[in-house]
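So this one's run-v7.cif, mmCIF, C-alpha atoms:
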data_coords
#
loop_
_atom_site.group_PDB
_atom_site.id
_atom_site.type_symbol
_atom_site.label_atom_id
_atom_site.label_comp_id
_atom_site.auth_asym_id
_atom_site.auth_seq_id
_atom_site.Cartn_x
_atom_site.Cartn_y
_atom_site.Cartn_z
ATOM 1 C CA MET S 5 12.663 13.565 -14.428
ATOM 2 C CA PRO S 6 12.182 10.503 -12.214
ATOM 3 C CA PHE S 7 9.321 8.042 -12.348
ATOM 4 C CA ILE S 8 7.725 6.155 -9.482
ATOM 5 C CA ALA S 9 5.432 3.157 -9.920
ATOM 6 C CA LEU S 10 2.988 2.427 -7.092
ATOM 7 C CA LEU S 11 1.970 -1.231 -7.146
ATOM 8 C CA ARG S 12 -0.670 -2.595 -4.813
ATOM 9 C CA HIS S 13 -0.098 -6.295 -4.177
ATOM 10 C CA GLY S 14 -2.090 -8.859 -6.118
ATOM 11 C CA GLN S 15 -5.238 -10.431 -4.722
ATOM 12 C CA SER S 16 -4.627 -12.038 -1.331
ATOM 13 C CA GLN S 17 -6.546 -14.910 0.254
ATOM 14 C CA TRP S 18 -8.279 -12.517 2.633
ATOM 15 C CA ASN S 19 -9.127 -10.126 -0.210
ATOM 16 C CA LEU S 20 -10.928 -13.105 -1.705
ATOM 17 C CA GLU S 21 -12.655 -13.866 1.614
ATOM 18 C CA ASN S 22 -13.622 -10.188 2.139
ATOM 19 C CA ARG S 23 -11.841 -9.947 5.491
ATOM 20 C CA PHE S 24 -10.055 -7.029 7.155
ATOM 21 C CA THR S 25 -6.407 -7.996 6.714
ATOM 22 C CA GLY S 26 -4.232 -5.134 7.901
ATOM 23 C CA TRP S 27 -0.965 -6.448 9.360
ATOM 24 C CA VAL S 28 -1.861 -10.150 9.136
ATOM 25 C CA ASP S 29 0.659 -11.867 6.853
ATOM 26 C CA VAL S 30 -1.706 -13.375 4.295
ATOM 27 C CA ASP S 31 -0.312 -14.804 1.052
ATOM 28 C CA LEU S 32 -1.387 -14.239 -2.541
ATOM 29 C CA THR S 33 -3.997 -16.333 -4.311
ATOM 30 C CA ALA S 34 -3.208 -17.878 -7.694
ATOM 31 C CA GLU S 35 -5.000 -14.904 -9.256
ATOM 32 C CA GLY S 36 -2.871 -12.565 -7.127
ATOM 33 C CA GLU S 37 0.286 -14.220 -8.419
ATOM 34 C CA ALA S 38 -0.971 -13.825 -11.993
ATOM 35 C CA GLN S 39 -1.745 -10.142 -11.331
ATOM 36 C CA ALA S 40 1.784 -9.640 -10.027
ATOM 37 C CA ARG S 41 3.311 -11.210 -13.138
ATOM 38 C CA ARG S 42 1.074 -9.096 -15.390
ATOM 39 C CA SER S 43 2.184 -6.039 -13.445
ATOM 40 C CA GLY S 44 5.786 -6.899 -14.218
ATOM 41 C CA ALA S 45 5.004 -7.167 -17.917
ATOM 42 C CA LEU S 46 3.268 -3.791 -17.772
ATOM 43 C CA LEU S 47 6.240 -2.223 -16.004
ATOM 44 C CA ALA S 48 8.588 -3.653 -18.619
ATOM 45 C CA GLY S 49 6.332 -2.361 -21.383
ATOM 46 C CA SER S 50 6.333 1.148 -19.942
ATOM 47 C CA GLY S 51 9.877 1.701 -21.192
ATOM 48 C CA VAL S 52 10.975 3.173 -17.855
ATOM 49 C CA PRO S 53 14.404 1.900 -16.717
ATOM 50 C CA PHE S 54 13.639 1.135 -13.074
ATOM 51 C CA ASP S 55 16.465 1.210 -10.550
ATOM 52 C CA LYS S 56 15.081 -0.054 -7.249
ATOM 53 C CA LEU S 57 12.159 -1.733 -5.496
ATOM 54 C CA PHE S 58 10.720 -0.809 -2.103
ATOM 55 C CA THR S 59 8.302 -3.116 -0.276
ATOM 56 C CA SER S 60 6.662 -3.531 3.104
ATOM 57 C CA LEU S 61 7.533 -6.397 5.450
ATOM 58 C CA GLN S 62 4.393 -8.334 4.472
ATOM 59 C CA THR S 63 4.535 -11.434 2.306
ATOM 60 C CA ARG S 64 1.836 -10.420 -0.161
ATOM 61 C CA ALA S 65 3.710 -7.228 -1.054
ATOM 62 C CA ILE S 66 7.142 -8.892 -1.050
ATOM 63 C CA ARG S 67 5.973 -11.692 -3.349
ATOM 64 C CA THR S 68 4.154 -9.253 -5.631
ATOM 65 C CA GLY S 69 7.346 -7.239 -5.995
ATOM 66 C CA ASN S 70 9.460 -10.325 -6.615
ATOM 67 C CA LEU S 71 7.055 -11.812 -9.168
ATOM 68 C CA ALA S 72 6.770 -8.479 -10.960
ATOM 69 C CA LEU S 73 10.554 -8.099 -11.146
ATOM 70 C CA ASP S 74 10.930 -11.661 -12.432
ATOM 71 C CA SER S 75 8.321 -11.024 -15.122
ATOM 72 C CA ALA S 76 10.023 -7.763 -16.103
ATOM 73 C CA GLN S 77 13.455 -9.475 -16.157
ATOM 74 C CA LEU S 78 14.538 -7.146 -13.353
ATOM 75 C CA ALA S 79 15.158 -9.683 -10.606
ATOM 76 C CA TRP S 80 18.594 -8.149 -10.088
ATOM 77 C CA LEU S 81 17.266 -4.807 -8.857
ATOM 78 C CA PRO S 82 18.154 -3.841 -5.276
ATOM 79 C CA VAL S 83 15.281 -4.112 -2.809
ATOM 80 C CA GLU S 84 14.594 -2.256 0.433
ATOM 81 C CA ARG S 85 11.847 -3.256 2.878
ATOM 82 C CA SER S 86 10.272 -1.398 5.768
ATOM 83 C CA TRP S 87 7.369 -1.873 8.169
ATOM 84 C CA ARG S 88 6.488 1.753 7.461
ATOM 85 C CA LEU S 89 5.101 0.617 4.091
ATOM 86 C CA ASN S 90 2.856 -1.993 5.747
ATOM 87 C CA GLU S 91 -0.877 -1.954 5.263
ATOM 88 C CA ARG S 92 -2.993 0.129 7.614
ATOM 89 C CA HIS S 93 -3.561 -1.581 10.969
ATOM 90 C CA TYR S 94 -7.283 -2.363 11.279
ATOM 91 C CA GLY S 95 -7.254 -2.773 15.050
ATOM 92 C CA ALA S 96 -10.076 -4.865 16.499
ATOM 93 C CA LEU S 97 -11.533 -5.347 13.008
ATOM 94 C CA THR S 98 -8.525 -7.460 11.988
ATOM 95 C CA GLY S 99 -9.602 -10.857 10.657
ATOM 96 C CA LEU S 100 -13.317 -10.056 10.589
ATOM 97 C CA ASN S 101 -15.510 -10.494 7.515
ATOM 98 C CA LYS S 102 -16.438 -7.046 6.216
ATOM 99 C CA ALA S 103 -20.058 -7.859 5.405
ATOM 100 C CA GLU S 104 -20.648 -9.562 8.754
ATOM 101 C CA THR S 105 -19.037 -6.624 10.576
ATOM 102 C CA ALA S 106 -21.358 -4.193 8.767
ATOM 103 C CA ALA S 107 -24.370 -6.323 9.697
ATOM 104 C CA LYS S 108 -23.315 -6.278 13.348
ATOM 105 C CA HIS S 109 -22.289 -2.630 13.755
ATOM 106 C CA GLY S 110 -24.206 -0.957 10.932
ATOM 107 C CA ASP S 111 -23.036 0.200 7.523
ATOM 108 C CA ASP S 112 -22.572 3.819 8.595
ATOM 109 C CA LEU S 113 -20.215 3.129 11.495
ATOM 110 C CA VAL S 114 -18.189 0.544 9.586
ATOM 111 C CA ASN S 115 -17.928 2.930 6.642
ATOM 112 C CA VAL S 116 -16.511 5.579 9.011
ATOM 113 C CA TRP S 117 -13.941 3.072 10.297
ATOM 114 C CA ARG S 118 -13.039 1.977 6.778
ATOM 115 C CA ARG S 119 -13.124 5.173 4.743
ATOM 116 C CA SER S 120 -12.845 8.251 6.959
ATOM 117 C CA TYR S 121 -9.474 9.958 6.965
ATOM 118 C CA ASP S 122 -8.933 10.336 10.700
ATOM 119 C CA THR S 123 -11.242 7.949 12.615
ATOM 120 C CA PRO S 124 -9.526 4.631 13.439
ATOM 121 C CA PRO S 125 -11.357 1.416 14.363
ATOM 122 C CA PRO S 126 -11.301 0.260 17.997
ATOM 123 C CA PRO S 127 -7.767 -0.812 19.025
ATOM 124 C CA LEU S 128 -6.625 -4.418 19.055
ATOM 125 C CA GLU S 129 -6.264 -5.730 22.596
ATOM 126 C CA ALA S 130 -2.795 -6.859 23.663
ATOM 127 C CA GLY S 131 -2.341 -10.616 23.854
ATOM 128 C CA THR S 132 -5.109 -11.425 21.374
ATOM 129 C CA GLU S 133 -4.687 -13.568 18.270
ATOM 130 C CA PHE S 134 -3.379 -10.806 16.014
ATOM 131 C CA ASP S 135 -1.087 -9.061 18.515
ATOM 132 C CA PHE S 136 2.099 -8.393 16.497
ATOM 133 C CA SER S 137 4.317 -7.331 19.401
ATOM 134 C CA LYS S 138 6.052 -10.750 19.446
ATOM 135 C CA ASP S 139 6.604 -10.862 15.674
ATOM 136 C CA ARG S 140 10.382 -10.885 15.035
ATOM 137 C CA ARG S 141 10.131 -8.634 12.011
ATOM 138 C CA TYR S 142 9.012 -5.776 14.281
ATOM 139 C CA ALA S 143 11.682 -6.254 16.937
ATOM 140 C CA GLY S 144 13.035 -2.872 17.900
ATOM 141 C CA VAL S 145 10.054 -0.935 16.541
ATOM 142 C CA ALA S 146 8.840 1.354 19.298
ATOM 143 C CA ASP S 147 5.136 2.039 19.764
ATOM 144 C CA LEU S 148 3.702 -0.520 17.368
ATOM 145 C CA PRO S 149 0.198 0.578 16.403
ATOM 146 C CA ALA S 150 -2.865 -1.139 17.851
ATOM 147 C CA THR S 151 -5.112 0.560 15.283
ATOM 148 C CA GLU S 152 -4.738 3.159 12.553
ATOM 149 C CA SER S 153 -6.730 5.607 10.496
ATOM 150 C CA LEU S 154 -5.438 6.631 7.082
ATOM 151 C CA LYS S 155 -4.112 9.786 8.775
ATOM 152 C CA LEU S 156 -2.045 7.717 11.202
ATOM 153 C CA THR S 157 -0.887 5.499 8.331
ATOM 154 C CA LEU S 158 0.348 8.573 6.457
ATOM 155 C CA GLU S 159 2.125 9.816 9.577
ATOM 156 C CA ARG S 160 4.230 6.636 9.810
ATOM 157 C CA VAL S 161 4.787 6.374 6.023
ATOM 158 C CA LEU S 162 6.008 9.967 5.614
ATOM 159 C CA PRO S 163 9.276 9.672 7.588
ATOM 160 C CA TYR S 164 10.312 6.727 5.411
ATOM 161 C CA TRP S 165 9.232 8.563 2.273
ATOM 162 C CA ASN S 166 11.254 11.640 3.194
ATOM 163 C CA ASP S 167 14.339 9.849 4.556
ATOM 164 C CA GLU S 168 14.700 6.884 2.189
ATOM 165 C CA ILE S 169 12.636 7.335 -0.970
ATOM 166 C CA VAL S 170 12.970 11.062 -1.682
ATOM 167 C CA PRO S 171 16.810 10.970 -1.770
ATOM 168 C CA ASP S 172 16.687 8.272 -4.463
ATOM 169 C CA LEU S 173 14.158 10.287 -6.478
ATOM 170 C CA LYS S 174 16.292 13.419 -6.162
ATOM 171 C CA ALA S 175 19.233 11.367 -7.456
ATOM 172 C CA GLY S 176 17.190 10.618 -10.576
ATOM 173 C CA LYS S 177 16.382 6.992 -9.781
ATOM 174 C CA ASN S 178 13.177 5.420 -11.073
ATOM 175 C CA LEU S 179 11.467 3.479 -8.296
ATOM 176 C CA ILE S 180 8.816 0.823 -7.734
ATOM 177 C CA ILE S 181 6.911 0.608 -4.450
ATOM 178 C CA ALA S 182 5.094 -2.700 -3.977
ATOM 179 C CA ALA S 183 2.862 -2.187 -0.976
ATOM 180 C CA HIS S 184 -0.784 -1.995 0.082
ATOM 181 C CA GLY S 185 -4.015 -0.188 -0.626
ATOM 182 C CA ASN S 186 -3.779 2.202 2.303
ATOM 183 C CA SER S 187 -0.030 2.782 2.527
ATOM 184 C CA LEU S 188 -0.121 3.622 -1.193
ATOM 185 C CA ARG S 189 -3.228 5.806 -0.756
ATOM 186 C CA ALA S 190 -1.246 7.670 1.891
ATOM 187 C CA ILE S 191 1.547 8.306 -0.617
ATOM 188 C CA VAL S 192 -0.995 9.368 -3.260
ATOM 189 C CA LYS S 193 -2.584 11.783 -0.778
ATOM 190 C CA HIS S 194 0.813 13.309 -0.084
ATOM 191 C CA LEU S 195 1.985 13.496 -3.702
ATOM 192 C CA PHE S 196 -1.265 14.814 -5.179
ATOM 193 C CA ALA S 197 -2.216 16.950 -2.152
ATOM 194 C CA VAL S 198 -5.616 15.258 -1.986
ATOM 195 C CA PRO S 199 -7.910 17.044 0.513
ATOM 196 C CA ASP S 200 -8.903 15.085 3.614
ATOM 197 C CA ASP S 201 -12.550 14.956 2.581
ATOM 198 C CA ARG S 202 -11.759 13.569 -0.894
ATOM 199 C CA ILE S 203 -9.243 10.842 -0.149
ATOM 200 C CA ALA S 204 -12.049 8.344 0.599
ATOM 201 C CA ALA S 205 -12.874 8.296 -3.107
ATOM 202 C CA VAL S 206 -9.327 7.281 -4.092
ATOM 203 C CA GLU S 207 -8.856 3.532 -4.666
ATOM 204 C CA MET S 208 -5.754 1.528 -5.531
ATOM 205 C CA PRO S 209 -6.592 -1.507 -7.692
ATOM 206 C CA THR S 210 -4.733 -4.746 -6.997
ATOM 207 C CA GLY S 211 -1.990 -5.647 -9.443
ATOM 208 C CA ASN S 212 -2.186 -2.528 -11.618
ATOM 209 C CA PRO S 213 0.852 -0.210 -11.446
ATOM 210 C CA LEU S 214 0.201 3.519 -11.170
ATOM 211 C CA LEU S 215 3.076 5.152 -13.046
ATOM 212 C CA ILE S 216 3.796 8.725 -11.988
ATOM 213 C CA GLU S 217 6.266 11.044 -13.669
ATOM 214 C CA LEU S 218 7.611 13.626 -11.237
ATOM 215 C CA ASP S 219 8.974 17.078 -11.951
ATOM 216 C CA GLY S 220 12.100 18.610 -10.442
ATOM 217 C CA GLY S 221 10.205 19.439 -7.258
ATOM 218 C CA LEU S 222 8.919 15.842 -7.021
ATOM 219 C CA LYS S 223 5.381 16.906 -7.897
ATOM 220 C CA PRO S 224 3.305 14.769 -10.293
ATOM 221 C CA LYS S 225 3.817 15.833 -13.897
ATOM 222 C CA ALA S 226 1.887 12.954 -15.481
ATOM 223 C CA ALA S 227 0.227 9.809 -14.144
ATOM 224 C CA ARG S 228 -1.547 6.768 -15.535
ATOM 225 C CA TYR S 229 -2.502 3.234 -14.641
ATOM 226 C CA LEU S 230 -0.623 0.845 -16.913
ATOM 227 C CA ASP S 231 -3.610 -1.513 -17.279
ATOM 228 C CA GLU S 232 -6.093 0.977 -18.678
ATOM 229 C CA ALA S 233 -8.948 -1.534 -18.643
ATOM 230 C CA ARG S 234 -8.699 -1.754 -14.828
ATOM 231 C CA ALA S 235 -7.810 1.878 -14.153
ATOM 232 C CA GLU S 236 -9.298 3.824 -11.262
ATOM 233 C CA LYS S 237 -10.039 7.540 -11.402
ATOM 234 C CA LEU S 238 -6.926 9.539 -10.556
ATOM 235 C CA PRO S 239 -6.944 12.473 -8.134
ATOM 236 C CA ALA S 240 -6.798 15.869 -9.788
ATOM 237 C CA PHE S 241 -3.382 17.485 -10.101
ATOM 238 C CA SER S 242 -1.750 20.281 -12.029
ATOM 239 C CA ALA S 243 0.277 18.854 -14.903
#

Entire entry expressed as structure tokens:
Amino acid sequence: MPFIALLRHGQSQWNLENRFTGWVDVDLTAEGEAQARRSGALLAGSGVPFDKLFTSLQTRAIRTGNLALDSAQLAWLPVERSWRLNERHYGALTGLNKAETAAKHGDDLVNVWRRSYDTPPPPLEAGTEFDFSKDRRYAGVADLPATESLKLTLERVLPYWNDEIVPDLKAGKNLIIAAHGNSLRAIVKHLFAVPDDRIAAVEMPTGNPLLIELDGGLKPKAARYLDEARAEKLPAFSA
């Protein structure tokens, strides 16, 4: 049965600064680089013979994947990248400090924007600092988001999951996805059938691979975080 490892990127500079990052192309901190290398060692220690890496188009995920593969002596693995694995788009919150935003708008409203399943933040205005419509990596992408909820994030991740990732899993390949907290939460919601009202409690720790063994129907058979000391609670599933 195939395995899939979900790897949230290591700590980024804006993680450290407690800012809403979303689609902004922020790099890893030194600690983030170390987390990525430790992730590679954990993946190597799992004993799973991985066949391929998928990443988003964002530097922090790309570098995390590359550093992890180097550490695992798997730098030769084929890599596929897609904007559909990008982090959730935080709309008008992009770049703002989370604590300052809560002080301005109130904890309750900001918590709805951050953690609810289907309520997105206010959209990012066209032509503002973090307008990604002129970014070359998204050339040819129709209807770029101006904001996203987790629900909208899942809706743009799922076509890539079904069209590109599922065929490899059905072929018996063991895969790594180096991506982001919310794009990976979207995959977890789909795989584990997490109810809408419970997905807010699911977290993806930085730099700690979640290794999932899938059955013949691509349903989770077993799952564990490889760094048990930094493990988050897993959603319930039938093993």

### Message
Can you spell out as a PyMOL selection string the set of residues that the PyMOL selection byres ((chain S and resi 7) around 6) selects in the structure I just provided?
### Response
chain S and resi 6+8+178+216-218

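You will find atom CA of S:Leu148 at 11.4 Å from atom CA of S:Gly95.
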
### Task
With a distance cut-off of 12 Å and all atoms listed in the file, select the neighbouring residues of stretch 203-209 of chain S, excluding the residue or stretch itself and same-chain residues fewer than 6 positions from it, and output the selection as a PyMOL selection string.
chain S and resi 10-15+19+36+39-40+43+115-122+153-155+158+182-194+196-197+229-240

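Atom CA of S:Val198 lies 25.6 Å from atom CA of S:Pro126.
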
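Between S:Leu78 and the residues S:Lys177, S:Lys56, S:His109, S:Lys138, the shortest atom-to-atom distance, using all atoms listed in the file, involves S:Lys56.
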
### Task
Fewer than 2 positions away in the same chain doesn't count, so skip those; otherwise give me all residues within 8 Å of stretch 29-34 of chain S, counting all atoms listed in the file, as a list in words.
Gly14, Gln15, Ser16, Gln17, Trp18, Thr25, Trp27, Gly36, Glu37, Ala38, Gln62, Thr63, Arg64 and Arg67 of chain S

Would you export the selected residues with C-alpha atoms as a short mmCIF file (atom, residue, chain, number, x, y, z; two decimals), keeping the file's coordinate frame, please?
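Result file follows (selection_5.cif):
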data_model
loop_
_atom_site.label_atom_id
_atom_site.label_comp_id
_atom_site.auth_asym_id
_atom_site.auth_seq_id
_atom_site.Cartn_x
_atom_site.Cartn_y
_atom_site.Cartn_z
CA GLY S 14 -2.09 -8.86 -6.12
CA GLN S 15 -5.24 -10.43 -4.72
CA SER S 16 -4.63 -12.04 -1.33
CA GLN S 17 -6.55 -14.91 0.25
CA TRP S 18 -8.28 -12.52 2.63
CA THR S 25 -6.41 -8.00 6.71
CA TRP S 27 -0.96 -6.45 9.36
CA GLY S 36 -2.87 -12.56 -7.13
CA GLU S 37 0.29 -14.22 -8.42
CA ALA S 38 -0.97 -13.82 -11.99
CA GLN S 62 4.39 -8.33 4.47
CA THR S 63 4.54 -11.43 2.31
CA ARG S 64 1.84 -10.42 -0.16
CA ARG S 67 5.97 -11.69 -3.35
#

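As for atom CA of S:Val28 and atom CA of S:Leu73, they are spaced 23.9 Å apart.
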
### Query
Any chance you could work out the residue set of the PyMOL selection byres ((chain S and resi 72) around 7) here, as a PyMOL selection string?
chain S and resi 40-41+43-44+68-71+73-76

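Among the candidates S:Asp147, S:Tyr164, S:Arg42, S:Phe24, the one nearest to S:Ala103 when counting only C-alpha atoms is S:Phe24.
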
### Message
Could you check the closest approach to S:Pro149 for each of S:Ala96, S:Ile181, S:Val114, S:Leu47 and tell me which residue wins, using all atoms listed in the file?
### Response
S:Ala96

Running the PyMOL selection byres ((chain S and resi 83) around 10) on this model by hand, what would come out? Give it as a PDB file with C-alpha atoms, in the coordinates of the input.
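selection_16.pdb was written with the following content:
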ATOM      1  CA  ASP S  55      16.465   1.210 -10.550  1.00  0.00           C
ATOM      2  CA  LYS S  56      15.081  -0.054  -7.249  1.00  0.00           C
ATOM      3  CA  LEU S  57      12.159  -1.733  -5.496  1.00  0.00           C
ATOM      4  CA  PHE S  58      10.720  -0.809  -2.103  1.00  0.00           C
ATOM      5  CA  THR S  59       8.302  -3.116  -0.276  1.00  0.00           C
ATOM      6  CA  ILE S  66       7.142  -8.892  -1.050  1.00  0.00           C
ATOM      7  CA  GLY S  69       7.346  -7.239  -5.995  1.00  0.00           C
ATOM      8  CA  ASN S  70       9.460 -10.325  -6.615  1.00  0.00           C
ATOM      9  CA  ALA S  79      15.158  -9.683 -10.606  1.00  0.00           C
ATOM     10  CA  TRP S  80      18.594  -8.149 -10.088  1.00  0.00           C
ATOM     11  CA  LEU S  81      17.266  -4.807  -8.857  1.00  0.00           C
ATOM     12  CA  PRO S  82      18.154  -3.841  -5.276  1.00  0.00           C
ATOM     13  CA  GLU S  84      14.594  -2.256   0.433  1.00  0.00           C
ATOM     14  CA  ARG S  85      11.847  -3.256   2.878  1.00  0.00           C
ATOM     15  CA  ILE S 180       8.816   0.823  -7.734  1.00  0.00           C
ATOM     16  CA  ILE S 181       6.911   0.608  -4.450  1.00  0.00           C
TER      17      ILE S 181
END

Take every atom of stretch 42-47 of chain S listed in the file, pad by 8 Å on each side, and give me the axis-aligned box centre and edge lengths in Å, one decimal, as AutoDock Vina command-line options.
--center_x 3.7 --center_y -5.7 --center_z -15.7 --size_x 21.2 --size_y 22.9 --size_z 20.5

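Each of S:Arg92, S:Arg141, S:Arg160, S:Arg228 was checked against S:Leu214 using all atoms listed in the file; the smallest atom-to-atom distance is that of S:Arg228.
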
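Of the listed residues S:Leu162, S:Pro53, S:Ala65, S:Ala146, the one whose atoms come nearest to S:Thr210 is S:Ala65, with distances taken using all atoms listed in the file.
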